[in-house]
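Content type compact mmCIF, C-alpha atoms, from the file target.txt:
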# COMPACT_ATOMS: atom_id res chain seq x y z
CA MET A 175 0.00 0.00 0.00
CA TRP A 176 2.86 2.34 0.88
CA ALA A 177 4.75 1.45 -2.30
CA GLY A 178 1.66 1.98 -4.45
CA ASN A 179 0.84 5.44 -3.03
CA VAL A 180 4.19 7.22 -2.73
CA GLY A 181 3.77 11.01 -2.58
CA THR A 182 0.11 10.93 -1.50
CA SER A 183 -1.47 11.29 1.94
CA THR A 184 -2.52 7.62 1.77
CA GLY A 185 1.14 6.74 1.16
CA LEU A 186 2.22 8.80 4.19
CA ASP A 187 -0.38 7.08 6.37
CA ALA A 188 0.74 3.67 5.10
CA ALA A 189 4.39 4.62 5.78
CA ALA A 190 3.48 5.57 9.35
CA TRP A 191 1.57 2.33 9.97
CA THR A 192 4.30 0.18 8.35
CA GLN A 193 7.22 1.69 10.27
CA GLY A 194 5.37 1.94 13.55
CA LEU A 195 4.06 -1.63 13.43
CA GLN A 196 7.33 -3.18 12.23
CA PHE A 197 9.36 -1.66 15.02
CA LEU A 198 6.66 -2.37 17.60
CA GLY A 199 6.89 -6.02 16.47
CA GLU A 200 10.68 -6.02 16.74
CA ALA A 201 10.47 -4.48 20.21
CA MET A 202 7.99 -7.19 21.23
CA VAL A 203 10.30 -9.95 19.92
CA LEU A 204 13.26 -8.53 21.85
CA ALA A 205 11.07 -8.18 24.95
CA GLY A 206 10.10 -11.85 24.47
CA ILE A 207 13.79 -12.83 24.37
CA SER A 208 14.32 -10.78 27.55
CA PHE A 209 11.48 -12.62 29.30
CA LEU A 210 13.00 -15.95 28.21
CA LEU A 211 16.34 -14.94 29.71
CA GLY A 212 14.46 -14.00 32.89
CA THR A 213 12.94 -17.50 32.88
CA ILE A 214 16.43 -19.04 32.55
CA LEU A 215 17.56 -17.02 35.56
CA ALA A 216 14.53 -18.18 37.54
CA SER A 217 15.22 -21.83 36.61
CA LEU A 218 18.87 -21.53 37.68
CA ARG A 219 17.77 -20.09 41.02
CA GLU A 220 15.09 -22.70 41.65
CA GLY A 221 17.19 -25.62 40.40
CA GLY A 222 20.24 -24.61 42.44
CA GLY A 223 18.10 -24.27 45.56
CA GLN A 224 16.35 -27.61 45.03
CA VAL A 225 19.66 -29.48 44.64
CA GLN A 226 20.99 -28.01 47.89
CA GLU A 227 17.72 -28.78 49.68
CA ALA A 228 17.70 -32.38 48.37
CA LEU A 229 21.22 -32.87 49.79
CA GLY A 230 19.99 -31.63 53.18
CA LEU A 231 22.25 -28.59 53.07
CA PRO A 232 21.56 -24.97 53.91
CA VAL A 233 20.27 -23.34 50.70
CA LYS A 234 22.51 -20.51 49.54
CA THR A 235 21.30 -18.35 46.66
CA LEU A 236 22.69 -15.23 45.08
CA LYS A 237 20.95 -11.98 46.07
CA MET A 238 19.57 -10.10 43.06
CA PRO A 239 22.65 -8.49 41.46
CA ALA A 240 22.68 -4.89 40.21
CA THR A 241 22.91 -6.17 36.62
CA ALA A 242 19.55 -7.95 37.04
CA LYS A 243 17.89 -4.77 38.35
CA ALA A 244 19.33 -2.73 35.47
CA PHE A 245 18.20 -5.45 33.02
CA ILE A 246 14.58 -5.05 34.13
CA ALA A 247 14.80 -1.24 34.02
CA LEU A 248 16.30 -1.15 30.51
CA MET A 249 13.82 -3.71 29.19
CA MET A 250 10.86 -1.74 30.55
CA VAL A 251 12.13 1.60 29.22
CA GLY A 252 12.94 0.04 25.83
CA LEU A 253 9.48 -1.52 25.57
CA MET A 254 7.77 1.72 26.60
CA ILE A 255 9.70 3.69 23.97
CA GLY A 256 8.76 0.99 21.44
CA ILE A 257 5.08 1.55 22.26
CA ALA A 258 5.55 5.34 22.32
CA GLN A 259 7.07 5.40 18.82
CA PHE A 260 4.08 3.39 17.54
CA VAL A 261 1.69 5.88 19.13
CA GLY A 262 3.76 8.69 17.61
CA TYR A 263 3.41 7.19 14.13
CA LEU A 264 -0.34 6.79 14.65
CA ILE A 265 -0.59 10.47 15.63
CA THR A 266 1.09 11.49 12.36
CA THR A 267 -1.80 9.90 10.41
CA SER A 268 -4.04 12.73 11.70
CA PHE A 269 -1.75 15.51 10.38
CA ASP A 270 -2.94 17.70 7.47
CA THR A 271 0.42 18.63 5.91
CA ALA A 272 3.30 16.45 4.70
CA ALA A 273 5.75 18.93 6.28
CA ASP A 274 4.39 18.19 9.76
CA VAL A 275 4.56 14.45 9.09
CA GLN A 276 8.21 14.71 7.91
CA THR A 277 9.14 16.66 11.04
CA TRP A 278 7.74 13.89 13.23
CA PHE A 279 9.29 11.16 11.06
CA ALA A 280 12.71 12.82 11.52
CA PHE A 281 12.50 12.13 15.26
CA LEU A 282 10.49 8.90 15.29
CA GLY A 283 13.11 7.06 13.16
CA PRO A 284 15.92 7.42 15.72
CA LEU A 285 13.43 6.96 18.59
CA ARG A 286 12.44 3.49 17.38
CA GLU A 287 16.14 2.61 17.04
CA LEU A 288 16.68 3.79 20.62
CA SER A 289 13.91 1.42 21.70
CA LEU A 290 15.64 -1.58 20.11
CA GLY A 291 19.02 -0.43 21.43
CA LEU A 292 17.79 -0.26 25.03
CA LEU A 293 16.14 -3.68 24.75
CA LEU A 294 19.43 -5.12 23.41
CA ALA A 295 21.32 -3.43 26.26
CA GLY A 296 18.90 -5.12 28.67
CA ILE A 297 19.58 -8.48 27.01
CA THR A 298 23.34 -7.89 27.50
CA LEU A 299 22.76 -7.32 31.20
CA ALA A 300 20.61 -10.45 31.45
CA LEU A 301 23.42 -12.50 29.88
CA ALA A 302 25.93 -10.93 32.28
CA THR A 303 23.62 -11.88 35.16
CA ILE A 304 23.46 -15.47 33.90
CA ALA A 305 27.30 -15.50 33.88
CA ASN A 306 27.28 -14.21 37.48
CA VAL A 307 24.79 -16.86 38.59
CA LEU A 308 26.76 -19.63 36.86
CA GLY A 309 29.97 -18.46 38.54
CA PHE A 310 28.21 -18.55 41.92
CA GLN A 311 26.65 -21.96 41.35
CA PHE A 312 29.94 -23.55 40.27
CA TRP A 313 31.56 -22.08 43.38
CA ARG A 314 28.74 -23.52 45.52
CA ILE A 315 28.96 -26.99 43.96
CA ARG A 316 32.75 -27.03 44.46
CA ASP A 317 32.20 -25.92 48.06
CA ILE A 318 29.72 -28.76 48.66
CA VAL A 319 32.05 -31.33 47.04
CA LYS A 320 35.06 -30.13 49.09
CA THR A 321 33.47 -29.51 52.50
CA GLY A 322 30.20 -31.43 52.33
CA GLN A 323 28.46 -28.28 53.59
CA MET B 233 50.16 -31.96 31.09
CA THR B 234 47.34 -31.77 28.55
CA THR B 235 46.09 -34.66 26.42
CA THR B 236 43.47 -34.49 23.71
CA THR B 237 40.89 -37.29 23.50
CA ALA B 238 37.41 -37.95 22.18
CA THR B 239 34.75 -38.28 24.91
CA ASN B 240 31.21 -39.26 23.86
CA GLY B 241 31.71 -37.63 20.50
CA PHE B 242 33.26 -34.48 21.98
CA THR B 243 36.91 -33.56 21.51
CA THR B 244 38.23 -32.88 24.98
CA GLU B 245 41.41 -31.88 26.78
CA THR B 246 42.39 -33.73 29.93
CA THR B 247 44.38 -31.97 32.65
CA THR B 248 45.02 -32.49 36.34
CA LYS B 249 43.98 -28.96 37.32
CA ALA B 250 41.03 -26.77 36.33
CA PRO B 251 41.88 -24.78 33.18
CA ASP B 252 41.95 -21.00 33.02
CA ARG B 253 39.79 -18.94 30.64
CA ILE B 254 41.03 -18.79 27.06
CA LEU B 255 41.80 -15.40 25.46
CA PRO B 256 38.34 -14.65 23.94
CA GLN B 257 36.73 -15.51 27.30
CA LYS B 258 39.16 -13.20 29.12
CA ALA B 259 38.33 -10.47 26.59
CA GLY B 260 34.61 -11.13 27.13
CA ARG B 261 34.98 -10.80 30.89
CA ALA B 262 36.90 -7.52 30.58
CA LEU B 263 35.05 -5.86 27.71
CA TRP B 264 31.31 -6.57 27.99
CA ALA B 265 30.70 -3.67 30.39
CA PRO B 266 32.79 -1.02 28.54
CA MET B 267 31.02 -2.01 25.31
CA LEU B 268 27.63 -1.64 26.99
CA VAL B 269 28.55 1.84 28.25
CA MET B 270 29.76 2.78 24.77
CA ALA B 271 26.47 1.54 23.30
CA LEU B 272 24.40 3.67 25.67
CA MET B 273 26.57 6.70 24.86
CA GLY B 274 26.10 6.07 21.13
CA PHE B 275 22.31 5.87 21.51
CA ALA B 276 22.25 9.03 23.64
CA ALA B 277 24.35 10.92 21.06
CA GLY B 278 22.07 9.64 18.28
CA ILE B 279 18.92 10.94 20.01
CA VAL B 280 20.51 14.35 20.66
CA LEU B 281 21.50 14.60 16.97
CA ALA B 282 17.98 13.49 16.00
CA ILE B 283 16.53 16.38 18.02
CA PHE B 284 18.81 18.83 16.14
CA LYS B 285 17.75 17.25 12.84
CA THR B 286 14.06 17.50 13.76
CA VAL B 287 14.48 21.22 14.50
CA GLU B 288 16.19 21.71 11.12
CA VAL B 289 13.49 19.71 9.29
CA ASN B 290 10.88 21.94 10.95
CA ASN B 291 12.76 25.09 9.86
CA ALA B 292 13.25 23.63 6.34
CA THR B 293 15.91 26.20 5.41
CA ASP B 294 19.10 24.15 4.94
CA PRO B 295 18.64 20.79 3.13
CA GLU B 296 22.42 20.08 3.17
CA LEU B 297 22.55 20.45 6.94
CA ILE B 298 19.47 18.22 7.30
CA ALA B 299 21.14 15.55 5.12
CA ALA B 300 24.38 15.85 7.10
CA LEU B 301 22.56 15.54 10.44
CA GLY B 302 20.76 12.48 9.07
CA GLN B 303 24.14 10.88 8.31
CA PHE B 304 25.56 11.77 11.73
CA THR B 305 22.45 10.50 13.56
CA THR B 306 22.66 7.13 11.79
CA ALA B 307 26.41 6.96 12.48
CA ALA B 308 25.90 7.56 16.22
CA MET B 309 23.02 5.08 16.43
CA PHE B 310 25.07 2.41 14.71
CA ILE B 311 28.06 3.00 16.95
CA GLY B 312 25.50 2.09 19.61
CA PHE B 313 24.30 -1.02 17.76
CA ALA B 314 27.84 -2.24 16.96
CA SER B 315 28.75 -1.79 20.62
CA VAL B 316 25.63 -3.43 22.03
CA PHE B 317 26.06 -6.46 19.74
CA ALA B 318 29.72 -6.63 20.80
CA ALA B 319 28.59 -6.45 24.44
CA ILE B 320 26.15 -9.36 23.86
CA SER B 321 28.92 -11.37 22.16
CA PHE B 322 31.35 -10.68 25.00
CA ALA B 323 28.69 -11.62 27.57
CA ILE B 324 28.21 -14.96 25.77
CA ALA B 325 32.01 -15.45 25.79
CA ARG B 326 31.93 -14.69 29.52
CA ILE B 327 29.26 -17.36 30.08
CA LEU B 328 31.41 -19.86 28.16
CA GLY B 329 34.35 -18.88 30.39
CA GLU B 330 32.30 -19.56 33.53
CA PHE B 331 31.43 -23.03 32.20
CA ARG B 332 35.07 -23.79 31.39
CA VAL B 333 36.53 -22.64 34.71
CA GLY B 334 33.59 -23.75 36.88
CA GLY B 335 33.21 -27.16 35.25
CA GLY B 336 36.95 -27.76 35.62
CA SER B 337 37.04 -26.66 39.26
CA VAL B 338 34.16 -29.00 40.21
CA GLN B 339 35.93 -31.95 38.55
CA GLU B 340 39.19 -31.00 40.30
CA ALA B 341 37.43 -30.75 43.67
CA SER B 342 35.93 -34.21 43.22
CA GLY B 343 39.45 -35.62 42.71
CA SER B 344 38.85 -36.81 39.17
CA GLN B 345 40.68 -35.94 35.96
CA VAL B 346 39.63 -32.57 34.57
CA LYS B 347 38.12 -32.94 31.10
CA THR B 348 37.35 -29.77 29.19
CA LEU B 349 35.78 -29.35 25.78
CA LYS B 350 38.23 -28.20 23.10
CA MET B 351 37.11 -25.06 21.28
CA PRO B 352 34.31 -26.29 18.96
CA ALA B 353 33.91 -25.10 15.36
CA THR B 354 30.80 -23.12 16.37
CA ALA B 355 32.91 -21.07 18.79
CA LYS B 356 35.46 -20.32 16.06
CA GLY B 357 32.61 -19.33 13.71
CA PHE B 358 31.12 -17.16 16.47
CA ILE B 359 34.35 -15.13 16.73
CA ILE B 360 34.81 -14.84 12.95
CA PHE B 361 31.24 -13.68 12.25
CA MET B 362 31.31 -11.27 15.17
CA MET B 363 34.52 -9.69 13.85
CA MET B 364 33.16 -9.44 10.31
CA GLY B 365 29.88 -7.89 11.52
CA MET B 366 31.70 -5.38 13.69
CA MET B 367 34.12 -4.36 10.92
CA LEU B 368 31.30 -3.90 8.42
CA ILE B 369 29.19 -1.74 10.75
CA VAL B 370 32.19 0.35 11.89
CA GLY B 371 33.18 0.81 8.22
CA ALA B 372 29.64 1.98 7.43
CA VAL B 373 29.70 4.38 10.40
CA VAL B 374 32.98 5.93 9.19
CA ALA B 375 31.52 6.27 5.67
CA HIS B 376 28.38 7.96 7.08
CA ILE B 377 30.55 10.52 8.88
CA ILE B 378 32.58 11.21 5.71
CA VAL B 379 29.40 11.59 3.62
CA GLY B 380 27.87 13.86 6.28
CA VAL B 381 30.92 16.15 6.37
CA GLN B 382 31.10 16.28 2.57
CA VAL B 383 27.42 17.13 2.02
CA ASN B 384 27.58 19.80 4.72
CA ASN B 385 30.65 21.37 3.02
CA GLY B 386 28.89 21.30 -0.35
CA ASP B 387 31.36 18.76 -1.80
CA LEU B 388 28.63 16.15 -2.33
CA SER B 389 25.20 16.66 -3.92
CA LEU B 390 21.97 15.65 -2.19
CA VAL B 391 21.34 12.99 -4.87
CA ASP B 392 24.80 11.45 -4.34
CA THR B 393 24.22 11.58 -0.58
CA GLU B 394 20.97 9.64 -1.04
CA GLN B 395 22.78 7.07 -3.19
CA TRP B 396 25.46 6.65 -0.53
CA SER B 397 22.75 6.28 2.12
CA LEU B 398 21.22 3.38 0.18
CA TRP B 399 24.57 1.60 -0.15
CA LEU B 400 25.46 2.16 3.47
CA GLU B 401 22.07 0.97 4.68
CA ALA B 402 22.67 -2.31 2.85
CA ALA B 403 26.14 -2.59 4.40
CA ARG B 404 24.74 -1.91 7.88
CA ARG B 405 22.02 -4.51 7.48
CA LEU B 406 24.55 -7.09 6.30
CA GLY B 407 26.73 -6.22 9.29
CA VAL B 408 23.83 -6.70 11.70
CA SER B 409 22.97 -10.04 10.04
CA LEU B 410 26.56 -11.26 10.41
CA TYR B 411 26.59 -10.19 14.05
CA LEU B 412 23.29 -11.99 14.74
CA PHE B 413 24.55 -15.11 12.96
CA GLY B 414 27.68 -15.00 15.14
CA ILE B 415 25.55 -14.62 18.28
CA GLY B 416 23.49 -17.63 17.13
CA LEU B 417 26.71 -19.66 16.86
CA GLY B 418 27.72 -18.45 20.33
CA LEU B 419 24.43 -19.74 21.74
CA ALA B 420 24.93 -23.02 19.85
CA THR B 421 28.33 -23.32 21.58
CA ILE B 422 26.66 -22.88 24.97
CA THR B 423 24.28 -25.72 24.06
CA GLN B 424 27.24 -27.97 23.19
CA VAL B 425 29.02 -27.11 26.43
CA LEU B 426 25.86 -27.85 28.43
CA ARG B 427 25.48 -31.25 26.72
CA PHE B 428 29.14 -32.08 27.39
CA GLN B 429 28.96 -30.99 31.03
CA GLY B 430 25.78 -33.03 31.58
CA ILE B 431 27.57 -36.15 30.34
CA ARG B 432 30.72 -35.34 32.34
CA ILE B 433 28.79 -34.81 35.60
CA ARG B 434 27.21 -38.25 35.20
CA GLU B 435 30.66 -39.80 34.56
CA VAL B 436 32.21 -38.13 37.62
CA ALA B 437 29.21 -39.05 39.81
CA ALA B 438 29.39 -42.70 38.65
CA LYS B 439 33.15 -42.90 39.42
CA THR B 440 32.99 -41.22 42.82
CA GLY B 441 29.91 -43.24 43.77

Please express what this file holds, its structure, as structure tokens.
Amino acid sequence: MWAGNVGTSTGLDAAAWTQGLQFLGEAMVLAGISFLLGTILASLREGGGQVQEALGLPVKTLKMPATAKAFIALMMVGLMIGIAQFVGYLITTSFDTAADVQTWFAFLGPLRELSLGLLLAGITLALATIANVLGFQFWRIRDIVKTGQ
Amino acid sequence: MTTTTATNGFTTETTTKAPDRILPQKAGRALWAPMLVMALMGFAAGIVLAIFKTVEVNNATDPELIAALGQFTTAAMFIGFASVFAAISFAIARILGEFRVGGGSVQEASGSQVKTLKMPATAKGFIIFMMMGMMLIVGAVVAHIIVGVQVNNGDLSLVDTEQWSLWLEAARRLGVSLYLFGIGLGLATITQVLRFQGIRIREVAAKTG
């Protein structure tokens, strides 16, 4: 629809819908990956605790690291910006002049990239948290093997 | 002393002590955070430049400056993307390092031989694709800056600038694809390590009773 109406108001509306929806979708996919990484972290925590409990040992778990808190914050902000850019594109469909639309497009383009960037930064922090948890759990297993406690 | 053997279809190294991280894992441990900071700085710079561009688009008085700001905004944003993908890759390398050192230390503590997976082909591919993706995106960023400076100085026409933008967009997209492919191989390596460590834990548990 966009390709068939370039230079018309219908084309501008279609451009707004296409770009807004595509990047909203990408933001949702990245948010989905973030939630999956959160699930992995939860499984590591639960599994580690269950093994210690099954051995009759005091259960030691890692307190929520700063990277995990920052992961949640970045993911939320990234997702909110992803939704905001979509709303921004929808607003442009109500504009009367192409000049107004282009002004908004000039900002919405980088804004949607910021959304993806923040979500990816959150994913980085989630992976770093997984590395932290793994380091702790290997230390704990070695401790149990060596001392029995 | 290190010996190389095949264990359950995996090529492994056998040592008496837990191995240290290999160079890419050491780099991952040291560089994931600086790369993340660089990424956030790139995104912040990109948004600031986008605000300047939006003001210029609204004024609609200097098309060369608007084109130049467009180039600079994209360059800053893709410094951010190159850095954040590097940070993800380094974080994956860090996870692999934790598996190597942690798995080895548990085997050492249990008094058994320490068997570690030799670097699989997926890990080598991970590094190669990550490097190629990074070089391509950084090359595109440098080209965007050059194009931006030239159009602002009047050395490059708006049509030529648009042509360059099309080429550079393709290069950036290819760079991102290579990066993502590399990250996929990194995750595949984690899967292999997990499979190997599952088998090795069972072996050690069976021997130690």

- For A:Phe279, work out the shell of residues within 12 Å, counting only C-alpha atoms and skipping chain neighbours fewer than 5 positions away, then give it as JSON, numbers by chain. {"A": [186, 187, 189, 190, 191, 193, 194, 259, 260, 262, 263, 264, 265, 266, 267, 269, 272, 273, 274, 284, 285, 286], "B": [282, 283, 285, 286, 287, 289, 290, 302]}

Write to file, as a JSON list (two decimals), in the frame of the given file, the residues of the selection just made, with C-alpha atoms.
[["chain", "number", "residue", "atom", "x", "y", "z"],
["A", 186, "LEU", "CA", 2.22, 8.80, 4.19],
["A", 187, "ASP", "CA", -0.38, 7.08, 6.37],
["A", 189, "ALA", "CA", 4.39, 4.62, 5.78],
["A", 190, "ALA", "CA", 3.48, 5.57, 9.35],
["A", 191, "TRP", "CA", 1.57, 2.33, 9.97],
["A", 193, "GLN", "CA", 7.22, 1.69, 10.27],
["A", 194, "GLY", "CA", 5.37, 1.94, 13.55],
["A", 259, "GLN", "CA", 7.07, 5.40, 18.82],
["A", 260, "PHE", "CA", 4.08, 3.39, 17.54],
["A", 262, "GLY", "CA", 3.76, 8.69, 17.61],
["A", 263, "TYR", "CA", 3.41, 7.19, 14.13],
["A", 264, "LEU", "CA", -0.34, 6.79, 14.65],
["A", 265, "ILE", "CA", -0.59, 10.47, 15.63],
["A", 266, "THR", "CA", 1.09, 11.49, 12.36],
["A", 267, "THR", "CA", -1.80, 9.90, 10.41],
["A", 269, "PHE", "CA", -1.75, 15.51, 10.38],
["A", 272, "ALA", "CA", 3.30, 16.45, 4.70],
["A", 273, "ALA", "CA", 5.75, 18.93, 6.28],
["A", 274, "ASP", "CA", 4.39, 18.19, 9.76],
["A", 284, "PRO", "CA", 15.92, 7.42, 15.72],
["A", 285, "LEU", "CA", 13.43, 6.96, 18.59],
["A", 286, "ARG", "CA", 12.44, 3.49, 17.38],
["B", 282, "ALA", "CA", 17.98, 13.49, 16.00],
["B", 283, "ILE", "CA", 16.53, 16.38, 18.02],
["B", 285, "LYS", "CA", 17.75, 17.25, 12.84],
["B", 286, "THR", "CA", 14.06, 17.50, 13.76],
["B", 287, "VAL", "CA", 14.48, 21.22, 14.50],
["B", 289, "VAL", "CA", 13.49, 19.71, 9.29],
["B", 290, "ASN", "CA", 10.88, 21.94, 10.95],
["B", 302, "GLY", "CA", 20.76, 12.48, 9.07]]

- Message: Quick check, in Å to one decimal: how far apart do atom CA of B:Gly334 and atom CA of B:Pro251 lie?
- Response: 9.1 Å

- Message: When you count all atoms listed in the file, which of these residues is closest to chain A: B:Asp387, B:Asp252, B:Glu288, B:Asp294?
- Response: B:Glu288

Contact table chain A vs chain B, cut-off 8 Å, shortest pair per residue, all atoms listed in the file, as a tab-separated table:
residue	atom	partner	partner_atom	distance
A:Ala273	CA	B:Asn290	CA	7.6
A:Asp274	CA	B:Asn290	CA	7.6
A:Gln276	CA	B:Val289	CA	7.4
A:Thr277	CA	B:Asn290	CA	5.6
A:Trp278	CA	B:Thr286	CA	7.3
A:Ala280	CA	B:Thr286	CA	5.4
A:Phe281	CA	B:Ala282	CA	5.7
A:Pro284	CA	B:Ile279	CA	6.3
A:Leu285	CA	B:Ile279	CA	6.9
A:Glu287	CA	B:Met309	CA	7.3
A:Leu288	CA	B:Phe275	CA	6.1
A:Gly291	CA	B:Phe313	CA	6.5
A:Leu292	CA	B:Leu272	CA	7.7
A:Leu294	CA	B:Val316	CA	6.6
A:Ala295	CA	B:Val316	CA	6.0
A:Ile297	CA	B:Ile320	CA	7.3
A:Thr298	CA	B:Ile320	CA	4.8
A:Leu301	CA	B:Ala323	CA	5.8
A:Ala302	CA	B:Ala323	CA	5.5
A:Ile304	CA	B:Ile327	CA	7.2
A:Ala305	CA	B:Ile327	CA	4.7
A:Leu308	CA	B:Glu330	CA	6.5
A:Gly309	CA	B:Glu330	CA	5.6
A:Phe312	CA	B:Gly334	CA	5.0
A:Trp313	CA	B:Gly334	CA	7.0
A:Ile315	CA	B:Val338	CA	6.7
A:Arg316	CA	B:Val338	CA	4.9
A:Val319	CA	B:Ser342	CA	6.2
A:Lys320	CA	B:Ala341	CA	5.9

Expected file: the selected residues, C-alpha atoms, as a compact mmCIF listing (two decimals), in the frame of the given file:
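Output contents, as saved in result.txt:
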# COMPACT_ATOMS: atom_id res chain seq x y z
CA ALA A 273 5.75 18.93 6.28
CA ASP A 274 4.39 18.19 9.76
CA GLN A 276 8.21 14.71 7.91
CA THR A 277 9.14 16.66 11.04
CA TRP A 278 7.74 13.89 13.23
CA ALA A 280 12.71 12.82 11.52
CA PHE A 281 12.50 12.13 15.26
CA PRO A 284 15.92 7.42 15.72
CA LEU A 285 13.43 6.96 18.59
CA GLU A 287 16.14 2.61 17.04
CA LEU A 288 16.68 3.79 20.62
CA GLY A 291 19.02 -0.43 21.43
CA LEU A 292 17.79 -0.26 25.03
CA LEU A 294 19.43 -5.12 23.41
CA ALA A 295 21.32 -3.43 26.26
CA ILE A 297 19.58 -8.48 27.01
CA THR A 298 23.34 -7.89 27.50
CA LEU A 301 23.42 -12.50 29.88
CA ALA A 302 25.93 -10.93 32.28
CA ILE A 304 23.46 -15.47 33.90
CA ALA A 305 27.30 -15.50 33.88
CA LEU A 308 26.76 -19.63 36.86
CA GLY A 309 29.97 -18.46 38.54
CA PHE A 312 29.94 -23.55 40.27
CA TRP A 313 31.56 -22.08 43.38
CA ILE A 315 28.96 -26.99 43.96
CA ARG A 316 32.75 -27.03 44.46
CA VAL A 319 32.05 -31.33 47.04
CA LYS A 320 35.06 -30.13 49.09

- What separation in Å, quoted to one decimal, exists between atom CA of A:Leu229 and atom CA of B:Leu426?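 So the answer is 22.4 Å.
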
- Write out as an MDAnalysis selection string which residues come within 12 Å of A:Lys237 when counting all atoms listed in the file, dropping same-chain ones fewer than 6 positions away. chainID A and resid 219 243 303 306:307 310
